[in-house]
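One structure is given below, encoded as structure tokens.
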Amino acid sequence: MSEQNFQNTLYTNDNLFILNGLNSNLVDLIYLDPPFNSKRLYSTPIGKKQAKASFKDMWNWQDVNEAYLETLSEKYPALTNYIATIGAVNGKNMMAYITYMTQRIIEMYRILKDAGSFYLHCDTVASHYLKFVLDEIFGKNNFRNEIIWKRGTMKGAKAVGKQYGRNHDVILYYSKSKNYTYNRQHIEYSEDYVRQRYKNPDNDLKGLWTDNPIGTRSPESIEKLRAEGRIFKTAGNTERIKFYLSEMKGIAMDDVWLDIDPVNTMAKDNKYPTQKPLPLLYRIIKTSSNEGDIVLDPFCGCATTCVAAQQLNRKWIGIDIEKQAVSLLKDRLSDDAGMFSDFVNILTIPQRTDIQIVEPTKSVKERLYKQQNCLCNGCNTEFGIYNLEIDHIIPRAKGGGDYYENYQLLCGNCNRMKGDRPMEYLRMKIKAREEMLNKKFIFGE
Ligand SMILES: [Zn+2]
């Protein structure tokens with residue numbers, strides 16, 4: 001996907017496969033609000049090996065992609081250990097969820113431009129686990145804020161049992177580097193603040209004003225202020241400077257967001273019950289991107305991010321596994337943004353164009369053969385080059401492409417055994433076979 005022919009795109013597929021097919025350094029801003037309480041994520045039984053409480057159990061989880069576990073454990077061994085610890089502390093569900101998220105965050109990090117920003121919206125049940133994952137992938141120095149978004153008024157908080165009502169979401173904000181886009185946002189002063197600080201006793205035509213001492217200003221700047229009519233004398237005959245309310249930017253936005261009301265889920269005209277309010281997305285998009293930049297939401301659901309991006313003249317990519325998202329987005333873009341046809345819906349998995357496509361030719365095979373020291377990558381047995389076959393480590397059906405890093409050589413037996421499955425499956429099978437052989441030896445004695 002080159003910049004020139006970029007089109008606003010809604011992908012309908014598993015976001016891991018889509019992310020895997022997008023080029024590196026493609027987008028300027030990522031916002032995601034993953035479904036934490038999704039039944040889809042939690043209704044899957046752990047499987048037959050439930051009794052064996054091992055790290056491997058999560059590999060049976062439907063939503064965790066086995067083909068990518070290999071990458072996770074090889075490239076991020078500390079994260080792999082950490083996820084196992086989560087399993088021990090919090091249980092299998094959280095472990096599966098964090099694994100599912102980690103696989104995707106690794107890809108999102110790759111897709112983000114160096115000046116890009118990343119916002120992960122979550123609730124307090126998982127935020128502390130996710131923060132560690134982000135520290136590891138983005139680097140702890142690129143952590144910017146933990147934003148607290150107060151979801152509702154006191155009335156809206158559900159106080160369950162003996163505890164305070166849970167009334168906020170957490171938005172974890174990271175940059176990819178130190179040179180990230182940041183357009184400071186301001187909010188208006190509160191009425192109380194204005195009432196306490198501003199006045200207009202002299203009916204100044206410029207409206208409400210407050211004042212400050214002249215301080216250490218130079219004579220030139222004092223004369224400039226005087227020419228502007230800003231210098232006045234107090235009753236005690238001291239000169240002070242007027243500052244008008246209309247000239248103030250407001251308060252620089254901090255990390256506690258109290259001013260954005262949630263979308264009223266009880267309202268009759270609310271077509272999209274789980275949507276996040278547009279003003280929340282406006283703030284994030286305005287702060288961390290500029291016009292023409294690309295915004296990505298890999299769990300776009302009812303497309304609030306896409307609509308907000310469209311309205312603010314940003315380009316966007318939305319991904320959602322539900323086909324329903326397409327018609328919702330069409331509705332919303334025509335309702336809210338008036339740009340009905342300005343996007344494409346793609347159901348297939350994109351192919352990266354920023355990595356060299358390498359056909360599995362004879363010379364590739366020879367290179368792999370040397371690299372693997374004449375051994376099959378599965379059973380570690382030595383073979384002649386003609387007895388080894390080129391295999392895709394991440395199967396093509398799961399987004400793995402035709403590039404050198406995704407090739408390996410397997411013997412005929414191992415290749416048949418693996419099929420379209422991940423390497424971990426093959427290793428388990430080989431181990432089981434070795435154990436069988438060992439037993440036979442014992443019987444033979
Ligand atoms: Zn083999």
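Every chain in the structure tokens has a letter given in the order shown (A, B, ...), and although residue numbers restart at 1 in each chain, ligands are simply numbered from 1 in the order shown.
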
Protein and nucleic residues near ligand 1, 6 Å, only C-alpha atoms and all ligand atoms, as a PyMOL selection string: chain A and resi 376+378-379+410-411+413-414

Per-residue DSSP, range 303-354 of chain A, filtered to helix (DSSP H, G or I), as a count of residues only: 22

Counting only C-alpha atoms, the residue of A:Val344, A:Leu130, A:Leu69, A:Cys374 that sits nearest Tyr425 in chain A: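 Counting only C-alpha atoms, the residue closest to Tyr425 in chain A is A:Leu69.
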
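For the choices A:Lys75, A:Lys398, A:Lys431, A:Lys178, the atom-to-atom distance to Gly116 in chain A is smallest for A:Lys178 when using only C-alpha atoms.
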
Residues near Ile251 in chain A, cut-off 7 Å, only C-alpha atoms, skip fewer than 5 positions along chain, as a ChimeraX atom specification: /A:186-189

Once you have the residues from the selection above, write them out as a CSV table (one decimal), in the first residue's frame, restricted to C-alpha atoms.
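Here's the written file selection_4.csv:
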chain,number,residue,atom,x,y,z
A,186,HIS,CA,-7.1,23.1,25.9
A,187,ILE,CA,-10.4,23.0,27.7
A,188,GLU,CA,-12.5,26.0,28.7
A,189,TYR,CA,-12.2,27.3,32.3
